[in-house]
>>> print(open('target.pdb').read())   # PDB, C-alpha atoms
ATOM      1  CA  MET A 105       0.000   0.000   0.000
ATOM      2  CA  THR A 106       2.970   2.304   0.609
ATOM      3  CA  THR A 107       3.742   2.079  -3.106
ATOM      4  CA  LEU A 108       0.444   3.840  -3.748
ATOM      5  CA  ARG A 109       0.333   6.142  -0.719
ATOM      6  CA  VAL A 110       3.745   7.755  -1.100
ATOM      7  CA  PRO A 111       3.293   9.086  -4.660
ATOM      8  CA  LEU A 112      -0.238  10.281  -3.854
ATOM      9  CA  GLU A 113       0.945  12.218  -0.808
ATOM     10  CA  GLY A 114       3.920  13.476  -2.791
ATOM     11  CA  SER A 115       1.600  14.797  -5.514
ATOM     12  CA  LEU A 116      -0.301  16.873  -2.993
ATOM     13  CA  ARG A 117       2.749  18.088  -1.034
ATOM     14  CA  TYR A 118       5.008  18.885  -3.991
ATOM     15  CA  ARG A 119       5.038  22.658  -4.348
ATOM     16  CA  GLY A 120       5.015  22.842  -8.131
ATOM     17  CA  ARG A 121       2.364  25.547  -8.060
ATOM     18  CA  GLU A 122       0.373  26.108 -11.281
ATOM     19  CA  GLY A 123       2.017  23.337 -13.314
ATOM     20  CA  GLN A 124       1.339  20.825 -10.548
ATOM     21  CA  TRP A 125      -2.253  22.035 -10.060
ATOM     22  CA  ALA A 126      -2.922  21.757 -13.798
ATOM     23  CA  TYR A 127      -1.555  18.203 -13.758
ATOM     24  CA  LEU A 128      -3.534  17.144 -10.663
ATOM     25  CA  LEU A 129      -6.782  18.656 -11.993
ATOM     26  CA  HIS A 130      -6.212  16.948 -15.354
ATOM     27  CA  ARG A 131      -5.848  13.574 -13.603
ATOM     28  CA  PHE A 132      -8.836  13.982 -11.281
ATOM     29  CA  THR A 133     -11.147  15.287 -14.029
ATOM     30  CA  GLY A 134      -9.988  12.518 -16.387
ATOM     31  CA  LEU A 135     -10.421   9.713 -13.858
ATOM     32  CA  GLY A 136     -13.768  11.124 -12.701
ATOM     33  CA  THR A 137     -15.043  11.319 -16.270
ATOM     34  CA  LEU A 138     -13.852   7.755 -16.965
ATOM     35  CA  LEU A 139     -15.669   6.465 -13.877
ATOM     36  CA  PHE A 140     -18.900   8.123 -15.017
ATOM     37  CA  LEU A 141     -18.360   7.029 -18.634
ATOM     38  CA  THR A 142     -18.018   3.361 -17.644
ATOM     39  CA  ILE A 143     -21.261   3.486 -15.644
ATOM     40  CA  HIS A 144     -22.962   5.460 -18.433
ATOM     41  CA  ILE A 145     -22.055   2.897 -21.138
ATOM     42  CA  LEU A 146     -23.457   0.089 -18.970
ATOM     43  CA  ASP A 147     -26.671   1.876 -17.930
ATOM     44  CA  THR A 148     -27.411   2.967 -21.514
ATOM     45  CA  SER A 149     -26.831  -0.615 -22.662
ATOM     46  CA  THR A 150     -29.870  -1.675 -20.644
ATOM     47  CA  VAL A 151     -32.093  -0.222 -23.420
ATOM     48  CA  TYR A 152     -31.157  -3.365 -25.380
ATOM     49  CA  PHE A 153     -30.225  -5.947 -22.725
ATOM     50  CA  ALA A 154     -32.804  -5.160 -20.011
ATOM     51  CA  PRO A 155     -35.169  -2.333 -21.091
ATOM     52  CA  GLY A 156     -37.150  -2.623 -17.838
ATOM     53  CA  LEU A 157     -34.097  -1.497 -15.888
ATOM     54  CA  TYR A 158     -33.485   1.674 -17.939
ATOM     55  CA  GLU A 159     -36.217   3.707 -16.243
ATOM     56  CA  HIS A 160     -34.717   2.779 -12.849
ATOM     57  CA  ALA A 161     -31.296   3.998 -13.955
ATOM     58  CA  ILE A 162     -32.779   7.264 -15.234
ATOM     59  CA  ALA A 163     -34.682   7.721 -11.963
ATOM     60  CA  ILE A 164     -31.333   7.623 -10.113
ATOM     61  CA  TYR A 165     -29.845  10.219 -12.490
ATOM     62  CA  ARG A 166     -32.842  12.491 -11.802
ATOM     63  CA  SER A 167     -32.116  12.572  -8.052
ATOM     64  CA  THR A 168     -30.587  15.750  -6.582
ATOM     65  CA  PRO A 169     -27.140  14.275  -5.674
ATOM     66  CA  PHE A 170     -26.722  12.862  -9.188
ATOM     67  CA  MET A 171     -27.842  16.103 -10.856
ATOM     68  CA  LEU A 172     -25.254  17.984  -8.769
ATOM     69  CA  GLY A 173     -22.715  15.361  -9.864
ATOM     70  CA  GLU A 174     -23.791  15.971 -13.465
ATOM     71  CA  ILE A 175     -23.023  19.694 -13.096
ATOM     72  CA  ALA A 176     -19.564  18.785 -11.732
ATOM     73  CA  LEU A 177     -19.109  16.300 -14.584
ATOM     74  CA  VAL A 178     -19.664  19.066 -17.146
ATOM     75  CA  PHE A 179     -16.868  21.069 -15.515
ATOM     76  CA  CYS A 180     -14.588  17.993 -15.627
ATOM     77  CA  VAL A 181     -15.256  17.493 -19.338
ATOM     78  CA  LEU A 182     -14.672  21.196 -20.124
ATOM     79  CA  TYR A 183     -11.475  21.559 -18.062
ATOM     80  CA  HIS A 184     -10.019  18.266 -19.307
ATOM     81  CA  GLY A 185     -10.634  19.315 -22.920
ATOM     82  CA  VAL A 186      -9.259  22.859 -22.606
ATOM     83  CA  ASN A 187      -6.235  21.747 -20.563
ATOM     84  CA  GLY A 188      -5.652  18.854 -22.976
ATOM     85  CA  LEU A 189      -5.393  21.405 -25.800
ATOM     86  CA  ARG A 190      -2.875  23.359 -23.696
ATOM     87  CA  VAL A 191      -0.777  20.238 -23.072
ATOM     88  CA  ALA A 192      -0.811  19.304 -26.773
ATOM     89  CA  ALA A 193       0.072  22.872 -27.814
ATOM     90  CA  PHE A 194       3.029  22.980 -25.408
ATOM     91  CA  ASP A 195       4.188  19.570 -26.675
ATOM     92  CA  LEU A 196       4.430  21.020 -30.170
ATOM     93  CA  ARG A 197       6.162  24.295 -29.209
ATOM     94  CA  PRO A 198       9.375  23.880 -27.184
ATOM     95  CA  ALA A 199       9.842  27.665 -27.396
ATOM     96  CA  TRP A 200       6.980  27.961 -24.895
ATOM     97  CA  TRP A 201       8.652  25.764 -22.272
ATOM     98  CA  ARG A 202       9.180  28.629 -19.842
ATOM     99  CA  GLU A 203       7.979  28.894 -16.285
ATOM    100  CA  ASP A 204       6.029  32.139 -16.844
ATOM    101  CA  ARG A 205       4.196  30.665 -19.859
ATOM    102  CA  GLN A 206       3.362  27.485 -17.966
ATOM    103  CA  ARG A 207       1.958  29.515 -15.081
ATOM    104  CA  SER A 208      -0.091  32.042 -17.035
ATOM    105  CA  SER A 209      -1.438  29.356 -19.394
ATOM    106  CA  PHE A 210      -2.941  27.447 -16.452
ATOM    107  CA  TRP A 211      -4.958  30.515 -15.384
ATOM    108  CA  TRP A 212      -6.159  31.063 -18.954
ATOM    109  CA  VAL A 213      -7.267  27.417 -19.113
ATOM    110  CA  LEU A 214      -9.046  27.610 -15.756
ATOM    111  CA  GLY A 215     -10.712  30.912 -16.689
ATOM    112  CA  LEU A 216     -11.923  29.655 -20.065
ATOM    113  CA  SER A 217     -13.239  26.444 -18.491
ATOM    114  CA  VAL A 218     -15.219  28.388 -15.878
ATOM    115  CA  VAL A 219     -16.594  30.805 -18.516
ATOM    116  CA  LEU A 220     -17.789  27.858 -20.626
ATOM    117  CA  TRP A 221     -19.130  26.036 -17.566
ATOM    118  CA  LEU A 222     -21.163  28.862 -15.943
ATOM    119  CA  PRO A 223     -23.984  29.061 -18.543
ATOM    120  CA  ALA A 224     -24.260  25.239 -18.569
ATOM    121  CA  ALA A 225     -24.252  25.132 -14.759
ATOM    122  CA  PHE A 226     -26.962  27.813 -14.681
ATOM    123  CA  LEU A 227     -29.267  25.926 -17.079
ATOM    124  CA  MET A 228     -28.692  22.589 -15.323
ATOM    125  CA  GLY A 229     -29.121  24.157 -11.891
ATOM    126  CA  ARG A 230     -32.371  25.735 -13.003
ATOM    127  CA  SER A 231     -33.589  22.366 -14.302
ATOM    128  CA  LEU A 232     -32.641  20.773 -10.959
ATOM    129  CA  ILE A 233     -34.617  23.359  -8.960
ATOM    130  CA  VAL A 234     -37.637  23.312 -11.278
ATOM    131  CA  HIS A 235     -37.946  19.515 -11.378
ATOM    132  CA  ASN A 236     -36.794  18.438  -7.916
ATOM    133  CA  PHE A 237     -37.981  21.313  -5.720
ATOM    134  CA  LEU A 238     -40.827  23.105  -7.534
ATOM    135  CA  GLY A 239     -42.513  19.951  -8.851
ATOM    136  CA  GLY A 240     -42.350  21.189 -12.455
TER     137      GLY A 240
ATOM    138  CA  MET B 226      19.618  27.511 -13.603
ATOM    139  CA  SER B 227      18.396  30.160 -16.012
ATOM    140  CA  SER B 228      20.780  29.003 -18.745
ATOM    141  CA  ALA B 229      19.263  25.519 -18.567
ATOM    142  CA  LEU B 230      15.818  27.036 -19.042
ATOM    143  CA  THR B 231      16.716  29.310 -21.946
ATOM    144  CA  ALA B 232      18.976  26.875 -23.857
ATOM    145  CA  PRO B 233      17.403  25.586 -27.103
ATOM    146  CA  PRO B 234      15.668  22.235 -26.510
ATOM    147  CA  ARG B 235      17.560  19.149 -27.597
ATOM    148  CA  GLN B 236      16.154  17.381 -30.667
ATOM    149  CA  VAL B 237      15.401  13.700 -30.180
ATOM    150  CA  ALA B 238      14.217  11.226 -32.810
ATOM    151  CA  ARG B 239      10.772   9.890 -31.932
ATOM    152  CA  PRO B 240      11.015   6.121 -31.362
ATOM    153  CA  LYS B 241       8.495   4.127 -33.399
ATOM    154  CA  ASN B 242       6.974   1.985 -30.686
ATOM    155  CA  PHE B 243       3.640   1.352 -28.965
ATOM    156  CA  GLU B 244       4.085   4.188 -26.465
ATOM    157  CA  THR B 245       4.652   6.723 -29.258
ATOM    158  CA  THR B 246       1.511   5.530 -31.015
ATOM    159  CA  ALA B 247      -0.444   5.694 -27.753
ATOM    160  CA  TRP B 248       0.894   9.216 -27.087
ATOM    161  CA  LEU B 249      -0.156  10.357 -30.576
ATOM    162  CA  PHE B 250      -3.545   8.657 -30.197
ATOM    163  CA  MET B 251      -4.238  10.665 -27.019
ATOM    164  CA  ARG B 252      -3.595  13.923 -28.962
ATOM    165  CA  TYR B 253      -5.635  13.061 -32.064
ATOM    166  CA  SER B 254      -8.522  11.438 -30.188
ATOM    167  CA  GLY B 255      -8.510  14.301 -27.672
ATOM    168  CA  LEU B 256      -8.838  16.831 -30.464
ATOM    169  CA  LEU B 257     -11.746  14.851 -31.930
ATOM    170  CA  LEU B 258     -13.398  14.367 -28.536
ATOM    171  CA  ILE B 259     -13.696  18.098 -27.871
ATOM    172  CA  PRO B 260     -16.467  18.633 -30.454
ATOM    173  CA  LEU B 261     -17.819  15.075 -30.093
ATOM    174  CA  VAL B 262     -18.212  15.089 -26.283
ATOM    175  CA  TRP B 263     -19.051  18.764 -25.838
ATOM    176  CA  VAL B 264     -21.901  18.624 -28.391
ATOM    177  CA  HIS B 265     -23.227  15.416 -26.782
ATOM    178  CA  VAL B 266     -23.123  16.965 -23.290
ATOM    179  CA  LEU B 267     -24.617  20.259 -24.520
ATOM    180  CA  ILE B 268     -27.582  18.514 -26.150
ATOM    181  CA  GLN B 269     -28.312  15.702 -23.670
ATOM    182  CA  ASP B 270     -27.333  17.198 -20.296
ATOM    183  CA  VAL B 271     -27.813  20.941 -20.751
ATOM    184  CA  LEU B 272     -30.534  21.474 -23.373
ATOM    185  CA  VAL B 273     -32.655  18.297 -23.136
ATOM    186  CA  GLY B 274     -31.928  17.330 -19.539
ATOM    187  CA  VAL B 275     -32.211  14.025 -17.738
ATOM    188  CA  HIS B 276     -35.883  14.627 -16.851
ATOM    189  CA  ALA B 277     -36.818  14.505 -20.559
ATOM    190  CA  ILE B 278     -34.805  11.354 -21.299
ATOM    191  CA  ASP B 279     -36.511   7.937 -21.322
ATOM    192  CA  LEU B 280     -36.715   4.810 -23.519
ATOM    193  CA  ASP B 281     -38.900   6.588 -26.110
ATOM    194  CA  TYR B 282     -36.405   9.446 -26.344
ATOM    195  CA  VAL B 283     -33.499   7.041 -26.962
ATOM    196  CA  ALA B 284     -35.556   5.117 -29.539
ATOM    197  CA  LEU B 285     -36.479   8.354 -31.336
ATOM    198  CA  ARG B 286     -32.851   9.494 -31.423
ATOM    199  CA  TRP B 287     -31.555   6.160 -32.679
ATOM    200  CA  ALA B 288     -34.231   6.110 -35.413
ATOM    201  CA  THR B 289     -31.803   8.446 -37.206
ATOM    202  CA  LEU B 290     -28.811   6.485 -38.509
ATOM    203  CA  GLY B 291     -26.538   9.533 -38.181
ATOM    204  CA  TRP B 292     -27.001   9.615 -34.377
ATOM    205  CA  ARG B 293     -26.172   5.918 -34.100
ATOM    206  CA  VAL B 294     -22.952   6.484 -36.052
ATOM    207  CA  TYR B 295     -22.257   9.500 -33.795
ATOM    208  CA  ASP B 296     -22.809   7.414 -30.660
ATOM    209  CA  ILE B 297     -20.612   4.573 -31.947
ATOM    210  CA  ALA B 298     -17.785   7.073 -32.578
ATOM    211  CA  LEU B 299     -18.377   8.602 -29.145
ATOM    212  CA  LEU B 300     -18.227   5.173 -27.483
ATOM    213  CA  ALA B 301     -15.119   4.047 -29.363
ATOM    214  CA  PHE B 302     -13.037   7.204 -28.907
ATOM    215  CA  THR B 303     -14.057   8.246 -25.374
ATOM    216  CA  PHE B 304     -13.572   4.818 -23.853
ATOM    217  CA  ALA B 305     -10.285   4.079 -25.640
ATOM    218  CA  HIS B 306      -8.969   7.530 -24.624
ATOM    219  CA  GLY B 307     -10.121   7.028 -21.034
ATOM    220  CA  MET B 308      -8.791   3.497 -20.623
ATOM    221  CA  ASN B 309      -5.402   4.454 -22.078
ATOM    222  CA  GLY B 310      -5.382   7.425 -19.712
ATOM    223  CA  LEU B 311      -6.017   5.064 -16.801
ATOM    224  CA  ARG B 312      -3.171   2.868 -18.064
ATOM    225  CA  ASN B 313      -0.871   5.907 -18.022
ATOM    226  CA  VAL B 314      -1.915   6.802 -14.474
ATOM    227  CA  LEU B 315      -1.408   3.229 -13.239
ATOM    228  CA  ASN B 316       2.035   3.104 -14.879
ATOM    229  CA  ASP B 317       3.012   6.022 -12.652
ATOM    230  CA  TYR B 318       2.113   4.168  -9.465
ATOM    231  CA  VAL B 319       2.400   0.432 -10.113
ATOM    232  CA  ARG B 320       5.873  -0.914  -9.420
ATOM    233  CA  GLY B 321       7.079  -4.207 -10.824
ATOM    234  CA  ASN B 322       6.668  -5.538 -14.329
ATOM    235  CA  ARG B 323       4.491  -8.503 -13.362
ATOM    236  CA  THR B 324       1.912  -6.396 -11.538
ATOM    237  CA  ARG B 325       1.938  -3.862 -14.345
ATOM    238  CA  ARG B 326       1.392  -6.571 -16.940
ATOM    239  CA  ALA B 327      -1.497  -7.965 -14.887
ATOM    240  CA  PHE B 328      -3.122  -4.515 -14.808
ATOM    241  CA  ASP B 329      -2.563  -4.095 -18.558
ATOM    242  CA  TRP B 330      -4.385  -7.355 -19.285
ATOM    243  CA  LEU B 331      -7.164  -6.432 -16.877
ATOM    244  CA  LEU B 332      -7.611  -3.039 -18.582
ATOM    245  CA  LEU B 333      -7.480  -4.590 -22.060
ATOM    246  CA  GLY B 334     -10.146  -7.119 -21.087
ATOM    247  CA  ALA B 335     -12.412  -4.520 -19.445
ATOM    248  CA  TRP B 336     -11.982  -2.184 -22.420
ATOM    249  CA  LEU B 337     -12.940  -4.858 -24.981
ATOM    250  CA  VAL B 338     -15.878  -6.284 -22.988
ATOM    251  CA  ILE B 339     -17.455  -2.922 -22.052
ATOM    252  CA  SER B 340     -16.925  -1.493 -25.573
ATOM    253  CA  ALA B 341     -18.590  -4.611 -27.014
ATOM    254  CA  ILE B 342     -21.568  -4.302 -24.620
ATOM    255  CA  GLY B 343     -22.068  -0.660 -25.629
ATOM    256  CA  ALA B 344     -21.691  -1.391 -29.349
ATOM    257  CA  VAL B 345     -24.206  -4.269 -29.242
ATOM    258  CA  ALA B 346     -26.736  -1.963 -27.538
ATOM    259  CA  ILE B 347     -26.292   0.820 -30.110
ATOM    260  CA  VAL B 348     -26.544  -1.575 -33.071
ATOM    261  CA  GLY B 349     -29.360  -3.628 -31.488
ATOM    262  CA  GLY B 350     -31.326  -0.536 -30.478
ATOM    263  CA  VAL B 351     -34.121  -0.046 -27.942
ATOM    264  CA  ARG B 352     -36.258  -3.118 -27.227
ATOM    265  CA  PRO B 353     -39.770  -2.936 -25.722
ATOM    266  CA  PRO B 354     -39.657  -3.421 -21.911
TER     267      PRO B 354
END
>>> encode(input="target.pdb", output="structure tokens")
Amino acid sequence: MTTLRVPLEGSLRYRGREGQWAYLLHRFTGLGTLLFLTIHILDTSTVYFAPGLYEHAIAIYRSTPFMLGEIALVFCVLYHGVNGLRVAAFDLRPAWWREDRQRSSFWWVLGLSVVLWLPAAFLMGRSLIVHNFLGG
Amino acid sequence: MSSALTAPPRQVARPKNFETTAWLFMRYSGLLLIPLVWVHVLIQDVLVGVHAIDLDYVALRWATLGWRVYDIALLAFTFAHGMNGLRNVLNDYVRGNRTRRAFDWLLLGAWLVISAIGAVAIVGGVRPP
């Protein structure tokens, strides 16, 4: 277990600032999206393998905790995509491999992700309130 | 310190092996997944919403061949990208070649089985409950 614990603790303690935060967020958003994706492939497959179960799966997704998770998932997908573009762009341009560029690019990525996420979060949050709290 | 940072980067020939192919695949599939996943999420999660989604909705969507092709591409590229990403993460933490190989086989098996389940459902379509 130490083989797993040491690098995980190291990742959180290492003071790499923006570069390290970008890397950690990329991992967490990627792994989180993969976890959801695996469940999502299997629950959608019930439309063919066990159609009676599909409505049960959808009922779970309509619950408040899962709708909040869905809003977080949208942020994961947006950040992972924007930061992935940043990583690929830096791979192609060694001239950009400077500390100041690495740092400022992380804030641009985070800012763009939040700007893209806010309207989606608003619409999904409104849907959550209307359906789960106002009975609409 | 600063001279090491400002020196021109060293040029290295890219080895032609599996890891290079996997690295390139993550870039190309990632680029493709941005429109593919974002449009899917925008339509299904944001605009339609989970309260409007049921068996009839899925059946209606899959009545159009184009959406089935879209969903097959989505399934193939997202899951391959994700599972290879998980393989990369595990390679950072798993020590020992035997354990690593065991994880690789486990991931390969899970990837093939779950992809096949999803593909059968998309091709087979919605069945009456």
>>> closest_atom_pairs(input="target.pdb", of="chain A", to="chain B", cutoff="8 Å", atoms="all atoms listed in the file", output="JSON lines")
{"residue": "A:Thr107", "atom": "CA", "partner": "B:Tyr318", "partner_atom": "CA", "distance": 6.9}
{"residue": "A:Leu108", "atom": "CA", "partner": "B:Tyr318", "partner_atom": "CA", "distance": 6.0}
{"residue": "A:Pro111", "atom": "CA", "partner": "B:Tyr318", "partner_atom": "CA", "distance": 7.0}
{"residue": "A:Arg131", "atom": "CA", "partner": "B:Val314", "partner_atom": "CA", "distance": 7.9}
{"residue": "A:Gly134", "atom": "CA", "partner": "B:Gly307", "partner_atom": "CA", "distance": 7.2}
{"residue": "A:Leu135", "atom": "CA", "partner": "B:Leu311", "partner_atom": "CA", "distance": 7.0}
{"residue": "A:Leu138", "atom": "CA", "partner": "B:Gly307", "partner_atom": "CA", "distance": 5.6}
{"residue": "A:Leu141", "atom": "CA", "partner": "B:Phe304", "partner_atom": "CA", "distance": 7.4}
{"residue": "A:Thr142", "atom": "CA", "partner": "B:Ile339", "partner_atom": "CA", "distance": 7.7}
{"residue": "A:Ile145", "atom": "CA", "partner": "B:Gly343", "partner_atom": "CA", "distance": 5.7}
{"residue": "A:Leu146", "atom": "CA", "partner": "B:Gly343", "partner_atom": "CA", "distance": 6.8}
{"residue": "A:Thr148", "atom": "CA", "partner": "B:Gly343", "partner_atom": "CA", "distance": 7.7}
{"residue": "A:Ser149", "atom": "CA", "partner": "B:Ala346", "partner_atom": "CA", "distance": 5.1}
{"residue": "A:Thr150", "atom": "CA", "partner": "B:Ala346", "partner_atom": "CA", "distance": 7.6}
{"residue": "A:Val151", "atom": "CA", "partner": "B:Val351", "partner_atom": "CA", "distance": 5.0}
{"residue": "A:Tyr152", "atom": "CA", "partner": "B:Ala346", "partner_atom": "CA", "distance": 5.1}
{"residue": "A:Phe153", "atom": "CA", "partner": "B:Ala346", "partner_atom": "CA", "distance": 7.2}
{"residue": "A:Ala154", "atom": "CA", "partner": "B:Pro354", "partner_atom": "CA", "distance": 7.3}
{"residue": "A:Pro155", "atom": "CA", "partner": "B:Pro354", "partner_atom": "CA", "distance": 4.7}
{"residue": "A:Gly156", "atom": "CA", "partner": "B:Pro354", "partner_atom": "CA", "distance": 4.8}
{"residue": "A:Tyr158", "atom": "CA", "partner": "B:Leu280", "partner_atom": "CA", "distance": 7.2}
{"residue": "A:Glu159", "atom": "CA", "partner": "B:Asp279", "partner_atom": "CA", "distance": 6.6}
{"residue": "A:Ile162", "atom": "CA", "partner": "B:Asp279", "partner_atom": "CA", "distance": 7.2}
{"residue": "A:Tyr165", "atom": "CA", "partner": "B:Val275", "partner_atom": "CA", "distance": 6.9}
{"residue": "A:Arg166", "atom": "CA", "partner": "B:Val275", "partner_atom": "CA", "distance": 6.2}
{"residue": "A:Glu174", "atom": "CA", "partner": "B:Asp270", "partner_atom": "CA", "distance": 7.8}
{"residue": "A:Val178", "atom": "CA", "partner": "B:Val266", "partner_atom": "CA", "distance": 7.4}
{"residue": "A:Val181", "atom": "CA", "partner": "B:Trp263", "partner_atom": "CA", "distance": 7.6}
{"residue": "A:Leu182", "atom": "CA", "partner": "B:Trp263", "partner_atom": "CA", "distance": 7.6}
{"residue": "A:Gly185", "atom": "CA", "partner": "B:Ile259", "partner_atom": "CA", "distance": 5.9}
{"residue": "A:Gly188", "atom": "CA", "partner": "B:Gly255", "partner_atom": "CA", "distance": 7.1}
{"residue": "A:Leu189", "atom": "CA", "partner": "B:Leu256", "partner_atom": "CA", "distance": 7.4}
{"residue": "A:Ala192", "atom": "CA", "partner": "B:Arg252", "partner_atom": "CA", "distance": 6.4}
{"residue": "A:Pro198", "atom": "CA", "partner": "B:Pro234", "partner_atom": "CA", "distance": 6.5}
{"residue": "A:Ala199", "atom": "CA", "partner": "B:Pro233", "partner_atom": "CA", "distance": 7.8}
{"residue": "A:Trp201", "atom": "CA", "partner": "B:Leu230", "partner_atom": "CA", "distance": 8.0}
{"residue": "A:Arg202", "atom": "CA", "partner": "B:Leu230", "partner_atom": "CA", "distance": 6.9}
{"residue": "A:Ala224", "atom": "CA", "partner": "B:Val271", "partner_atom": "CA", "distance": 6.0}
{"residue": "A:Leu227", "atom": "CA", "partner": "B:Val271", "partner_atom": "CA", "distance": 6.4}
{"residue": "A:Met228", "atom": "CA", "partner": "B:Val271", "partner_atom": "CA", "distance": 5.7}
{"residue": "A:Ser231", "atom": "CA", "partner": "B:Gly274", "partner_atom": "CA", "distance": 7.5}
{"residue": "A:His235", "atom": "CA", "partner": "B:His276", "partner_atom": "CA", "distance": 7.6}
>>> resolve_selection(input="target.pdb", expression="the PyMOL selection byres ((chain A and resi 206) around 10)", output="PyMOL selection string")
chain A and resi 122-123+126+190-191+194+200-205+207-211
>>> axis_aligned_box(input="target.pdb", around="region 255-273 of chain B", padding_each_side="8 Å", output="lines of an AutoDock Vina configuration file")
center_x = -20.6
center_y = 17.9
center_z = -26.1
size_x = 40.1
size_y = 23.2
size_z = 27.6
>>> atom_distance(input="target.pdb", atom1="CA of Asn187 (chain A)", atom2="CA of Leu214 (chain A)")
8.1 Å
>>> closest_residue(input="target.pdb", among="A:Val186, A:Cys180, A:Leu172, A:Leu128", to="Trp212 (chain A)", atoms="all atoms listed in the file")
A:Val186
>>> atom_distance(input="target.pdb", atom1="CA of Phe243 (chain B)", atom2="CA of Tyr295 (chain B)")
27.6 Å
>>> atom_distance(input="target.pdb", atom1="CA of His184 (chain A)", atom2="CA of Ala225 (chain A)")
16.4 Å
>>> build_atoms(input="target.pdb", residues="region 303-318 of chain B", atoms="N, CA and C atoms", output="mmCIF file, keeping the file's coordinate frame")
data_model
loop_
_atom_site.group_PDB
_atom_site.id
_atom_site.type_symbol
_atom_site.label_atom_id
_atom_site.label_comp_id
_atom_site.auth_asym_id
_atom_site.auth_seq_id
_atom_site.Cartn_x
_atom_site.Cartn_y
_atom_site.Cartn_z
ATOM 1 N N THR B 303 -14.123 7.864 -26.793
ATOM 2 C CA THR B 303 -14.057 8.246 -25.374
ATOM 3 C C THR B 303 -13.481 7.114 -24.543
ATOM 4 N N PHE B 304 -13.971 5.902 -24.749
ATOM 5 C CA PHE B 304 -13.572 4.818 -23.853
ATOM 6 C C PHE B 304 -12.122 4.400 -24.093
ATOM 7 N N ALA B 305 -11.686 4.405 -25.357
ATOM 8 C CA ALA B 305 -10.285 4.079 -25.640
ATOM 9 C C ALA B 305 -9.366 5.141 -25.038
ATOM 10 N N HIS B 306 -9.748 6.421 -25.186
ATOM 11 C CA HIS B 306 -8.969 7.530 -24.624
ATOM 12 C C HIS B 306 -8.914 7.410 -23.097
ATOM 13 N N GLY B 307 -10.045 7.124 -22.487
ATOM 14 C CA GLY B 307 -10.121 7.028 -21.034
ATOM 15 C C GLY B 307 -9.341 5.846 -20.482
ATOM 16 N N MET B 308 -9.485 4.682 -21.124
ATOM 17 C CA MET B 308 -8.791 3.497 -20.623
ATOM 18 C C MET B 308 -7.280 3.624 -20.807
ATOM 19 N N ASN B 309 -6.848 4.243 -21.915
ATOM 20 C CA ASN B 309 -5.402 4.454 -22.078
ATOM 21 C C ASN B 309 -4.895 5.490 -21.068
ATOM 22 N N GLY B 310 -5.740 6.465 -20.743
ATOM 23 C CA GLY B 310 -5.382 7.425 -19.712
ATOM 24 C C GLY B 310 -5.212 6.738 -18.366
ATOM 25 N N LEU B 311 -6.114 5.820 -18.055
ATOM 26 C CA LEU B 311 -6.017 5.064 -16.801
ATOM 27 C C LEU B 311 -4.744 4.220 -16.787
ATOM 28 N N ARG B 312 -4.407 3.653 -17.952
ATOM 29 C CA ARG B 312 -3.171 2.868 -18.064
ATOM 30 C C ARG B 312 -1.952 3.758 -17.771
ATOM 31 N N ASN B 313 -1.980 4.975 -18.292
ATOM 32 C CA ASN B 313 -0.871 5.907 -18.022
ATOM 33 C C ASN B 313 -0.762 6.230 -16.541
ATOM 34 N N VAL B 314 -1.918 6.465 -15.897
ATOM 35 C CA VAL B 314 -1.915 6.802 -14.474
ATOM 36 C C VAL B 314 -1.374 5.618 -13.668
ATOM 37 N N LEU B 315 -1.862 4.411 -13.982
ATOM 38 C CA LEU B 315 -1.408 3.229 -13.239
ATOM 39 C C LEU B 315 0.094 3.009 -13.422
ATOM 40 N N ASN B 316 0.594 3.274 -14.641
ATOM 41 C CA ASN B 316 2.035 3.104 -14.879
ATOM 42 C C ASN B 316 2.884 4.016 -13.997
ATOM 43 N N ASP B 317 2.281 5.129 -13.553
ATOM 44 C CA ASP B 317 3.012 6.022 -12.652
ATOM 45 C C ASP B 317 3.128 5.446 -11.249
ATOM 46 N N TYR B 318 2.171 4.608 -10.859
ATOM 47 C CA TYR B 318 2.113 4.168 -9.465
ATOM 48 C C TYR B 318 2.443 2.696 -9.260
#
